[in-house]
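The structure file target36.cif is reproduced below (mmCIF, C-alpha atoms).
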data_protein
#
loop_
_atom_site.label_atom_id
_atom_site.label_comp_id
_atom_site.auth_asym_id
_atom_site.auth_seq_id
_atom_site.Cartn_x
_atom_site.Cartn_y
_atom_site.Cartn_z
CA GLN A 1 58.60 11.30 -12.07
CA ARG A 2 56.56 13.57 -14.32
CA PRO A 3 58.02 14.15 -17.79
CA ALA A 4 58.85 17.68 -18.90
CA PRO A 5 55.84 19.36 -20.56
CA THR A 6 57.05 19.23 -24.16
CA ARG A 7 54.03 17.78 -25.93
CA PRO A 8 52.79 19.95 -28.80
CA ALA A 9 49.23 20.39 -27.62
CA ALA A 10 48.23 21.47 -24.13
CA PRO A 11 44.96 20.48 -22.42
CA ALA A 12 42.04 22.49 -23.69
CA LEU A 13 41.06 25.48 -21.61
CA ARG A 14 37.66 26.16 -20.22
CA ALA A 15 36.19 29.56 -21.00
CA ILE A 16 38.35 32.33 -19.55
CA HIS A 17 36.28 35.15 -18.15
CA SER A 18 37.56 38.69 -17.84
CA ALA A 19 37.53 40.65 -14.62
CA GLN A 20 34.92 42.91 -16.25
CA PRO A 21 32.29 42.32 -18.99
CA ASP A 22 33.69 41.98 -22.51
CA ALA A 23 32.03 45.21 -23.62
CA ALA A 24 34.17 47.12 -21.14
CA GLN A 25 37.43 45.50 -22.24
CA PRO A 26 39.86 46.94 -24.78
CA ASP A 27 40.78 45.11 -27.95
CA ALA A 28 43.98 44.09 -26.18
CA VAL A 29 42.06 41.50 -24.14
CA ARG A 30 40.77 39.77 -27.25
CA ALA A 31 44.22 39.96 -28.80
CA ALA A 32 45.75 38.42 -25.68
CA ARG A 33 43.30 35.52 -25.83
CA GLU A 34 44.12 34.81 -29.47
CA ILE A 35 47.88 35.10 -28.99
CA ALA A 36 47.93 32.91 -25.88
CA ALA A 37 45.74 30.25 -27.48
CA GLY A 38 48.17 29.99 -30.39
CA CYS A 39 51.19 29.18 -28.19
CA ARG A 40 52.07 25.49 -28.19
CA ASP A 41 54.92 25.45 -25.67
CA LEU A 42 56.34 27.52 -22.83
CA ALA A 43 59.10 29.01 -24.96
CA SER A 44 56.64 30.40 -27.51
CA LEU A 45 54.38 31.65 -24.72
CA GLY A 46 57.25 33.49 -23.04
CA ALA A 47 58.26 35.07 -26.35
CA ALA A 48 54.67 36.05 -27.14
CA LEU A 49 54.20 37.63 -23.73
CA ALA A 50 57.44 39.60 -24.02
CA ALA A 51 56.33 40.88 -27.44
CA PHE A 52 52.80 41.78 -26.32
CA ASP A 53 52.30 45.55 -26.50
CA GLY A 54 48.72 45.77 -25.29
CA CYS A 55 49.57 46.52 -21.66
CA PRO A 56 51.05 49.96 -20.84
CA LEU A 57 52.92 48.50 -17.85
CA LYS A 58 55.46 47.10 -20.28
CA GLN A 59 56.73 50.58 -21.12
CA GLY A 60 57.89 51.28 -17.56
CA ALA A 61 59.40 47.88 -16.80
CA ARG A 62 62.98 46.71 -17.16
CA ASN A 63 62.12 43.06 -17.71
CA CYS A 64 59.27 40.76 -18.61
CA VAL A 65 59.20 38.48 -15.56
CA PHE A 66 57.97 35.18 -16.96
CA ALA A 67 58.73 32.32 -14.55
CA ASP A 68 61.24 30.52 -12.36
CA GLY A 69 61.71 26.95 -11.19
CA ASP A 70 60.94 23.59 -12.79
CA PRO A 71 58.14 23.59 -15.40
CA ALA A 72 57.65 19.87 -14.76
CA ALA A 73 57.04 20.34 -11.02
CA ARG A 74 53.88 19.01 -9.42
CA VAL A 75 53.18 22.42 -7.87
CA MET A 76 52.81 25.72 -9.72
CA ILE A 77 52.68 28.97 -7.75
CA VAL A 78 50.88 32.02 -9.15
CA GLY A 79 51.51 35.35 -7.45
CA GLU A 80 50.39 38.87 -8.26
CA ALA A 81 53.05 41.07 -9.89
CA PRO A 82 56.80 41.71 -9.84
CA GLY A 83 58.25 44.26 -7.45
CA ARG A 84 61.41 46.31 -7.83
CA ASP A 85 63.78 43.43 -7.11
CA GLU A 86 61.95 41.11 -9.49
CA ASP A 87 61.91 43.73 -12.23
CA ILE A 88 65.68 44.08 -11.94
CA ALA A 89 66.40 40.34 -11.75
CA GLY A 90 63.84 39.26 -14.34
CA LYS A 91 62.59 36.48 -12.03
CA PRO A 92 59.53 36.25 -9.76
CA PHE A 93 59.76 36.30 -5.96
CA VAL A 94 63.40 37.27 -5.41
CA GLY A 95 63.00 40.14 -2.93
CA ARG A 96 61.93 39.93 0.71
CA SER A 97 58.67 38.24 -0.27
CA GLY A 98 60.60 35.70 -2.30
CA GLN A 99 62.96 34.96 0.56
CA LEU A 100 59.98 34.32 2.82
CA LEU A 101 58.37 32.16 0.14
CA ASP A 102 61.52 30.04 -0.12
CA ARG A 103 61.48 29.45 3.64
CA MET A 104 57.79 28.58 3.54
CA LEU A 105 58.36 26.05 0.78
CA ALA A 106 61.37 24.55 2.52
CA ALA A 107 59.21 23.92 5.58
CA ILE A 108 57.13 21.44 3.56
CA GLY A 109 60.02 19.95 1.59
CA LEU A 110 59.80 22.03 -1.59
CA ASP A 111 62.50 24.08 -3.32
CA ARG A 112 62.37 26.14 -6.49
CA ARG A 113 65.96 25.07 -7.26
CA ALA A 114 65.18 21.35 -7.04
CA THR A 115 65.53 19.34 -10.24
CA ASP A 116 63.24 16.57 -8.99
CA PRO A 117 59.66 17.49 -9.99
CA ALA A 118 58.42 15.92 -6.76
CA ARG A 119 60.36 18.52 -4.74
CA GLY A 120 60.42 21.41 -7.16
CA VAL A 121 58.00 24.24 -7.81
CA TYR A 122 57.26 26.39 -10.83
CA ILE A 123 56.56 30.07 -10.14
CA THR A 124 54.91 32.86 -12.11
CA ASN A 125 52.71 35.94 -11.59
CA ILE A 126 49.46 37.25 -13.03
CA LEU A 127 51.36 40.32 -14.28
CA PRO A 128 54.81 39.95 -15.87
CA TRP A 129 55.59 43.66 -15.58
CA ARG A 130 55.99 45.72 -12.44
CA PRO A 131 53.18 48.22 -11.72
CA VAL A 132 54.45 51.72 -10.97
CA GLU A 133 55.42 52.12 -7.30
CA ASN A 134 54.30 48.54 -6.63
CA ARG A 135 50.63 49.50 -6.69
CA ALA A 136 47.97 46.80 -6.87
CA PRO A 137 47.18 45.61 -10.42
CA SER A 138 44.06 47.14 -11.93
CA ALA A 139 41.09 45.08 -13.11
CA ASP A 140 41.89 45.95 -16.74
CA GLU A 141 45.51 44.87 -16.39
CA THR A 142 44.49 41.63 -14.76
CA ALA A 143 41.87 40.88 -17.42
CA MET A 144 44.36 41.64 -20.17
CA LEU A 145 47.02 39.26 -18.87
CA THR A 146 44.94 36.43 -17.42
CA PRO A 147 44.75 34.64 -20.81
CA PHE A 148 48.54 34.31 -20.79
CA VAL A 149 48.51 32.94 -17.24
CA ALA A 150 45.75 30.48 -18.09
CA ARG A 151 47.73 29.21 -21.04
CA HIS A 152 50.85 29.10 -18.88
CA ILE A 153 49.09 26.83 -16.40
CA ALA A 154 47.70 24.61 -19.14
CA LEU A 155 51.10 24.18 -20.80
CA ALA A 156 52.98 23.50 -17.56
CA ASP A 157 50.17 21.14 -16.51
CA PRO A 158 50.81 21.01 -12.74
CA GLU A 159 48.83 18.80 -10.39
CA PHE A 160 48.23 21.66 -7.96
CA VAL A 161 48.28 25.45 -8.18
CA LEU A 162 49.11 27.51 -5.09
CA VAL A 163 47.33 30.83 -5.65
CA MET A 164 49.01 33.62 -3.69
CA GLY A 165 47.12 36.81 -2.97
CA ALA A 166 43.82 38.47 -3.86
CA THR A 167 44.72 39.46 -7.43
CA ALA A 168 45.72 35.93 -8.41
CA ALA A 169 42.65 34.46 -6.71
CA ARG A 170 40.26 36.81 -8.51
CA ALA A 171 41.89 36.09 -11.86
CA LEU A 172 42.05 32.31 -11.63
CA LEU A 173 38.96 31.55 -9.55
CA GLN A 174 36.68 34.29 -10.88
CA THR A 175 35.22 35.15 -7.51
CA PRO A 176 34.65 38.45 -5.70
CA GLU A 177 35.45 36.85 -2.33
CA GLY A 178 38.40 38.27 -0.44
CA ILE A 179 41.55 36.26 0.07
CA LEU A 180 41.01 35.98 3.83
CA LYS A 181 37.76 34.11 3.14
CA LEU A 182 39.15 32.08 0.24
CA ARG A 183 42.43 30.96 1.78
CA GLY A 184 42.76 27.36 2.78
CA ARG A 185 39.75 26.24 0.72
CA TRP A 186 40.59 24.07 -2.27
CA ARG A 187 38.86 25.32 -5.40
CA ARG A 188 38.64 24.43 -9.06
CA ALA A 189 40.22 27.05 -11.31
CA VAL A 190 38.23 28.65 -14.09
CA ALA A 191 41.26 29.99 -15.95
CA GLY A 192 43.66 27.22 -16.92
CA GLY A 193 41.27 24.44 -15.98
CA LYS A 194 41.46 21.05 -17.65
CA ALA A 195 38.70 20.14 -20.07
CA GLU A 196 38.21 16.64 -18.67
CA ASP A 197 37.20 17.81 -15.21
CA ALA A 198 35.67 20.77 -13.43
CA GLY A 199 38.92 22.71 -13.39
CA ARG A 200 42.43 22.47 -12.04
CA LEU A 201 42.90 22.09 -8.28
CA CYS A 202 43.93 25.39 -6.71
CA LEU A 203 44.67 26.35 -3.12
CA PRO A 204 44.34 30.08 -2.39
CA THR A 205 46.63 31.41 0.31
CA LEU A 206 48.06 34.65 1.62
CA HIS A 207 50.76 36.43 -0.34
CA PRO A 208 54.19 36.57 1.36
CA ALA A 209 54.11 40.37 1.13
CA TYR A 210 50.93 40.34 3.23
CA LEU A 211 52.62 38.05 5.74
CA LEU A 212 55.55 40.45 6.05
CA ARG A 213 53.10 43.23 6.90
CA ASN A 214 50.98 40.99 9.14
CA PRO A 215 53.23 38.42 10.85
CA ALA A 216 50.37 37.07 12.95
CA ALA A 217 48.79 35.71 9.75
CA LYS A 218 51.69 33.32 9.19
CA ARG A 219 49.85 30.70 11.23
CA LEU A 220 47.06 30.77 8.63
CA ALA A 221 49.52 30.38 5.77
CA TRP A 222 51.14 27.48 7.62
CA ARG A 223 47.80 25.66 7.72
CA ASP A 224 47.48 26.16 3.97
CA LEU A 225 50.97 24.80 3.38
CA LEU A 226 50.17 21.73 5.44
CA SER A 227 47.07 21.21 3.29
CA LEU A 228 49.23 21.37 0.16
CA ARG A 229 51.72 18.93 1.68
CA ALA A 230 48.91 16.52 2.50
CA ALA A 231 47.68 16.67 -1.11
CA LEU A 232 51.19 15.98 -2.39
CA ASP A 233 51.38 13.01 -0.04
CA GLY A 234 48.24 11.50 -1.52
CA GLU A 235 45.37 12.88 0.55
CA PRO A 236 42.70 13.94 -1.99
CA PRO A 237 41.77 17.63 -1.53
CA GLN A 238 38.09 18.33 -0.96
CA ALA A 239 37.49 21.01 -3.57
CA GLU A 240 34.49 23.34 -3.34
#
As structure tokens, what does this structure read like?
Amino acid sequence: QRPAPTRPAAPALRAIHSAQPDAAQPDAVRAAREIAAGCRDLASLGAALAAFDGCPLKQGARNCVFADGDPAARVMIVGEAPGRDEDIAGKPFVGRSGQLLDRMLAAIGLDRRATDPARGVYITNILPWRPVENRAPSADETAMLTPFVARHIALADPEFVLVMGATAARALLQTPEGILKLRGRWRRAVAGGKAEDAGRLCLPTLHPAYLLRNPAAKRLAWRDLLSLRAALDGEPPQAE
């Protein structure tokens, strides 16, 4: 059983690249990097994110949606952004997408409510605040908040990261490839990667919201879940 991530210093991060060149980024990106790097535990990171005023999305949101589940879990899930239901509840993945996610996880023996890290999951999003009318996050918003997500991953220190959707994949893997090409292929994360290896093991997959709009794609997501289950059961992922 993995101990809770309470140690004072998290694994060092590899360089975190923005979605656009630094020259095109506002000062808020640099501030986010400095603030996130100074957080030594999840509680301080959550407080720092809630207090961060660099992103205009905060002004229109009810809640800062930080995380849900067991921080000591072997699997961490990173989605895109809260929707209306998540903004109201203050937790990620609680609407229709969240209900589908829970069923998907149950199919491979995982549960966000589980207290056993071997069965639990820890869930967050790239953006903690809901974009207006549930629009897709912009490149600037993603770049501004990726340092917090990278630090979040490093502090939670999961074995595997399930990356859900195109926004999360672009932020963590730093690739222009679309999610339909990326899904199912184990990769090493750039953001939140461990210093002692080439990066943390990530599995990109389709976002539950996409699956609700495109039910035929559920078979692809199922293949990805089986790949995650195999990794949890001891089959080493072949990362690209």
Show me, as a short mmCIF file (atom, residue, chain, number, x, y, z; two decimals) with C-alpha atoms, in the coordinates of the input, the residues that have an atom within 8 Å of Thr124 in chain A when counting all atoms listed in the file, minus same-chain residues fewer than 3 positions from it.
data_model
loop_
_atom_site.label_atom_id
_atom_site.label_comp_id
_atom_site.auth_asym_id
_atom_site.auth_seq_id
_atom_site.Cartn_x
_atom_site.Cartn_y
_atom_site.Cartn_z
CA VAL A 65 59.20 38.48 -15.56
CA PHE A 66 57.97 35.18 -16.96
CA ALA A 67 58.73 32.32 -14.55
CA ASP A 68 61.24 30.52 -12.36
CA MET A 76 52.81 25.72 -9.72
CA ILE A 77 52.68 28.97 -7.75
CA VAL A 78 50.88 32.02 -9.15
CA GLY A 79 51.51 35.35 -7.45
CA PRO A 92 59.53 36.25 -9.76
#
Notebook entry, point to check: Selected by the PyMOL selection byres ((chain A and resi 32) around 12) in the shown coordinates: which residues, as a PyMOL selection string?
Noted result: chain A and resi 16+18+25-31+33-39+45+48-55+141-151
Notebook entry, point to check: Of the candidates A:Glu177, A:Asp102, A:Asp70, A:Glu159, which shows the shortest atom-to-atom distance to Ala231 in chain A, using only C-alpha atoms?
Noted result: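 The shortest atom-to-atom distance to Ala231 in chain A comes from A:Glu159.
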Note to self: Would you pick out the contacts of Ser227 in chain A at 12 Å or less, using all atoms listed in the file, so that residues sharing its chain but fewer than 2 positions from it are not included, and give the list as a VMD selection string?
What the structure shows: chain A and resid 108 160 162 183 to 186 202 to 205 220 to 225 229 to 239
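Of the listed residues A:Pro82, A:Gly46, A:Pro208, A:Pro71, the one whose atoms come nearest to Val163 in chain A is A:Pro208, with distances taken using all atoms listed in the file.
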Note to self: Neighbouring residues of range 130-132 of chain A were defined as those with any atom within 10 Å, considering all atoms listed in the file; residues of the same chain fewer than 2 positions away were excluded. Please report them as a VMD selection string.
What the structure shows: chain A and resid 56 to 65 80 to 88 127 to 128 134 to 138 141
Item checked: CA of Leu201 in chain A to CA of Val75 in chain A, distance in Å rounded to a single decimal -> 10.3 Å
Checklist line | Pairwise distance for CA of Arg187 in chain A and CA of Ala171 in chain A, rounded to one decimal in Å | finding: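 Computing the Euclidean distance for CA of Arg187 in chain A and CA of Ala171 in chain A yields 12.9 Å.
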Next item on the list: Using the chain letters and numbering of this document, enumerate as number ranges by chain the residues selected by the PyMOL selection byres ((chain A and resi 118) around 10).
Entry: A: 1-2, 72-75, 109-111, 114-117, 119-121, 232
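With CA of Ile123 in chain A on one side and CA of Gln174 in chain A on the other, the separation reads 20.3 Å.
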Box centre and edge lengths (Å, one decimal), axis-aligned, range 52-60 of chain A plus 6 Å each side, as AutoDock Vina command-line options:
--center_x 53.3 --center_y 46.5 --center_z -22.0 --size_x 21.2 --size_y 21.5 --size_z 20.9
Check: Applied to the shown file, which residues does the PyMOL selection byres ((chain A and resi 210) around 12) return, written as a PyMOL selection string?
Finding: chain A and resi 79-80+96-97+100-101+164-166+179-180+205-209+211-218+220-221
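The smallest atom-to-atom distance between Met104 in chain A and any of A:Arg188, A:Arg219, A:His152, A:Lys181, using only C-alpha atoms, is found for A:Arg219.
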Can you give me N, CA and C atoms for range 41-76 of chain A, written as a PDB file, in the frame of the given file?
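Contents of selection_20.pdb, as written:
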ATOM      1  N   ASP A  41      53.954  25.855 -26.692  1.00  0.00           N
ATOM      2  CA  ASP A  41      54.920  25.450 -25.670  1.00  0.00           C
ATOM      3  C   ASP A  41      55.283  26.669 -24.836  1.00  0.00           C
ATOM      4  N   LEU A  42      56.011  26.426 -23.743  1.00  0.00           N
ATOM      5  CA  LEU A  42      56.340  27.520 -22.830  1.00  0.00           C
ATOM      6  C   LEU A  42      57.275  28.539 -23.458  1.00  0.00           C
ATOM      7  N   ALA A  43      58.174  28.085 -24.311  1.00  0.00           N
ATOM      8  CA  ALA A  43      59.100  29.010 -24.960  1.00  0.00           C
ATOM      9  C   ALA A  43      58.347  30.004 -25.845  1.00  0.00           C
ATOM     10  N   SER A  44      57.403  29.502 -26.631  1.00  0.00           N
ATOM     11  CA  SER A  44      56.640  30.400 -27.510  1.00  0.00           C
ATOM     12  C   SER A  44      55.728  31.310 -26.693  1.00  0.00           C
ATOM     13  N   LEU A  45      55.214  30.810 -25.582  1.00  0.00           N
ATOM     14  CA  LEU A  45      54.380  31.650 -24.720  1.00  0.00           C
ATOM     15  C   LEU A  45      55.195  32.776 -24.107  1.00  0.00           C
ATOM     16  N   GLY A  46      56.396  32.458 -23.615  1.00  0.00           N
ATOM     17  CA  GLY A  46      57.250  33.490 -23.040  1.00  0.00           C
ATOM     18  C   GLY A  46      57.612  34.555 -24.059  1.00  0.00           C
ATOM     19  N   ALA A  47      57.912  34.122 -25.288  1.00  0.00           N
ATOM     20  CA  ALA A  47      58.260  35.070 -26.350  1.00  0.00           C
ATOM     21  C   ALA A  47      57.050  35.930 -26.722  1.00  0.00           C
ATOM     22  N   ALA A  48      55.879  35.309 -26.790  1.00  0.00           N
ATOM     23  CA  ALA A  48      54.670  36.050 -27.140  1.00  0.00           C
ATOM     24  C   ALA A  48      54.317  37.076 -26.074  1.00  0.00           C
ATOM     25  N   LEU A  49      54.487  36.705 -24.821  1.00  0.00           N
ATOM     26  CA  LEU A  49      54.200  37.630 -23.730  1.00  0.00           C
ATOM     27  C   LEU A  49      55.164  38.813 -23.756  1.00  0.00           C
ATOM     28  N   ALA A  50      56.441  38.531 -23.971  1.00  0.00           N
ATOM     29  CA  ALA A  50      57.440  39.600 -24.020  1.00  0.00           C
ATOM     30  C   ALA A  50      57.179  40.564 -25.177  1.00  0.00           C
ATOM     31  N   ALA A  51      56.598  40.054 -26.264  1.00  0.00           N
ATOM     32  CA  ALA A  51      56.330  40.880 -27.440  1.00  0.00           C
ATOM     33  C   ALA A  51      54.980  41.584 -27.381  1.00  0.00           C
ATOM     34  N   PHE A  52      54.145  41.231 -26.414  1.00  0.00           N
ATOM     35  CA  PHE A  52      52.800  41.780 -26.320  1.00  0.00           C
ATOM     36  C   PHE A  52      52.850  43.254 -25.922  1.00  0.00           C
ATOM     37  N   ASP A  53      52.252  44.111 -26.744  1.00  0.00           N
ATOM     38  CA  ASP A  53      52.300  45.550 -26.500  1.00  0.00           C
ATOM     39  C   ASP A  53      50.974  46.128 -26.013  1.00  0.00           C
ATOM     40  N   GLY A  54      50.032  45.272 -25.676  1.00  0.00           N
ATOM     41  CA  GLY A  54      48.720  45.770 -25.290  1.00  0.00           C
ATOM     42  C   GLY A  54      48.641  46.358 -23.907  1.00  0.00           C
ATOM     43  N   CYS A  55      49.612  46.047 -23.041  1.00  0.00           N
ATOM     44  CA  CYS A  55      49.570  46.520 -21.660  1.00  0.00           C
ATOM     45  C   CYS A  55      50.585  47.648 -21.448  1.00  0.00           C
ATOM     46  N   PRO A  56      50.134  48.831 -21.035  1.00  0.00           N
ATOM     47  CA  PRO A  56      51.050  49.960 -20.840  1.00  0.00           C
ATOM     48  C   PRO A  56      52.120  49.722 -19.785  1.00  0.00           C
ATOM     49  N   LEU A  57      51.907  48.775 -18.873  1.00  0.00           N
ATOM     50  CA  LEU A  57      52.920  48.500 -17.850  1.00  0.00           C
ATOM     51  C   LEU A  57      54.262  48.130 -18.459  1.00  0.00           C
ATOM     52  N   LYS A  58      54.223  47.548 -19.629  1.00  0.00           N
ATOM     53  CA  LYS A  58      55.460  47.100 -20.280  1.00  0.00           C
ATOM     54  C   LYS A  58      56.424  48.258 -20.493  1.00  0.00           C
ATOM     55  N   GLN A  59      55.885  49.443 -20.778  1.00  0.00           N
ATOM     56  CA  GLN A  59      56.730  50.580 -21.120  1.00  0.00           C
ATOM     57  C   GLN A  59      57.593  51.038 -19.945  1.00  0.00           C
ATOM     58  N   GLY A  60      57.131  50.826 -18.719  1.00  0.00           N
ATOM     59  CA  GLY A  60      57.890  51.280 -17.560  1.00  0.00           C
ATOM     60  C   GLY A  60      58.689  50.200 -16.869  1.00  0.00           C
ATOM     61  N   ALA A  61      58.722  49.010 -17.446  1.00  0.00           N
ATOM     62  CA  ALA A  61      59.400  47.880 -16.800  1.00  0.00           C
ATOM     63  C   ALA A  61      60.750  47.600 -17.448  1.00  0.00           C
ATOM     64  N   ARG A  62      61.684  47.126 -16.635  1.00  0.00           N
ATOM     65  CA  ARG A  62      62.980  46.710 -17.160  1.00  0.00           C
ATOM     66  C   ARG A  62      62.883  45.356 -17.856  1.00  0.00           C
ATOM     67  N   ASN A  63      62.157  44.433 -17.232  1.00  0.00           N
ATOM     68  CA  ASN A  63      62.120  43.060 -17.710  1.00  0.00           C
ATOM     69  C   ASN A  63      60.696  42.526 -17.752  1.00  0.00           C
ATOM     70  N   CYS A  64      60.480  41.565 -18.627  1.00  0.00           N
ATOM     71  CA  CYS A  64      59.270  40.760 -18.610  1.00  0.00           C
ATOM     72  C   CYS A  64      59.571  39.566 -17.706  1.00  0.00           C
ATOM     73  N   VAL A  65      58.930  39.528 -16.561  1.00  0.00           N
ATOM     74  CA  VAL A  65      59.200  38.480 -15.560  1.00  0.00           C
ATOM     75  C   VAL A  65      58.266  37.311 -15.849  1.00  0.00           C
ATOM     76  N   PHE A  66      58.806  36.278 -16.474  1.00  0.00           N
ATOM     77  CA  PHE A  66      57.970  35.180 -16.960  1.00  0.00           C
ATOM     78  C   PHE A  66      57.776  34.078 -15.924  1.00  0.00           C
ATOM     79  N   ALA A  67      58.866  33.457 -15.471  1.00  0.00           N
ATOM     80  CA  ALA A  67      58.730  32.320 -14.550  1.00  0.00           C
ATOM     81  C   ALA A  67      60.075  31.949 -13.970  1.00  0.00           C
ATOM     82  N   ASP A  68      60.033  31.074 -12.977  1.00  0.00           N
ATOM     83  CA  ASP A  68      61.240  30.520 -12.360  1.00  0.00           C
ATOM     84  C   ASP A  68      60.906  29.129 -11.839  1.00  0.00           C
ATOM     85  N   GLY A  69      61.920  28.286 -11.716  1.00  0.00           N
ATOM     86  CA  GLY A  69      61.710  26.950 -11.190  1.00  0.00           C
ATOM     87  C   GLY A  69      61.582  25.902 -12.278  1.00  0.00           C
ATOM     88  N   ASP A  70      61.036  24.756 -11.912  1.00  0.00           N
ATOM     89  CA  ASP A  70      60.940  23.590 -12.790  1.00  0.00           C
ATOM     90  C   ASP A  70      59.555  23.502 -13.426  1.00  0.00           C
ATOM     91  N   PRO A  71      59.453  23.664 -14.753  1.00  0.00           N
ATOM     92  CA  PRO A  71      58.140  23.590 -15.400  1.00  0.00           C
ATOM     93  C   PRO A  71      57.459  22.235 -15.253  1.00  0.00           C
ATOM     94  N   ALA A  72      58.228  21.207 -14.921  1.00  0.00           N
ATOM     95  CA  ALA A  72      57.650  19.870 -14.760  1.00  0.00           C
ATOM     96  C   ALA A  72      57.215  19.585 -13.326  1.00  0.00           C
ATOM     97  N   ALA A  73      57.363  20.559 -12.433  1.00  0.00           N
ATOM     98  CA  ALA A  73      57.040  20.340 -11.020  1.00  0.00           C
ATOM     99  C   ALA A  73      55.556  20.041 -10.822  1.00  0.00           C
ATOM    100  N   ARG A  74      55.269  19.337  -9.748  1.00  0.00           N
ATOM    101  CA  ARG A  74      53.880  19.010  -9.420  1.00  0.00           C
ATOM    102  C   ARG A  74      53.103  20.240  -8.961  1.00  0.00           C
ATOM    103  N   VAL A  75      53.820  21.220  -8.421  1.00  0.00           N
ATOM    104  CA  VAL A  75      53.180  22.420  -7.870  1.00  0.00           C
ATOM    105  C   VAL A  75      53.571  23.646  -8.689  1.00  0.00           C
ATOM    106  N   MET A  76      52.579  24.432  -9.078  1.00  0.00           N
ATOM    107  CA  MET A  76      52.810  25.720  -9.720  1.00  0.00           C
ATOM    108  C   MET A  76      52.288  26.798  -8.781  1.00  0.00           C
TER     109      MET A  76
END
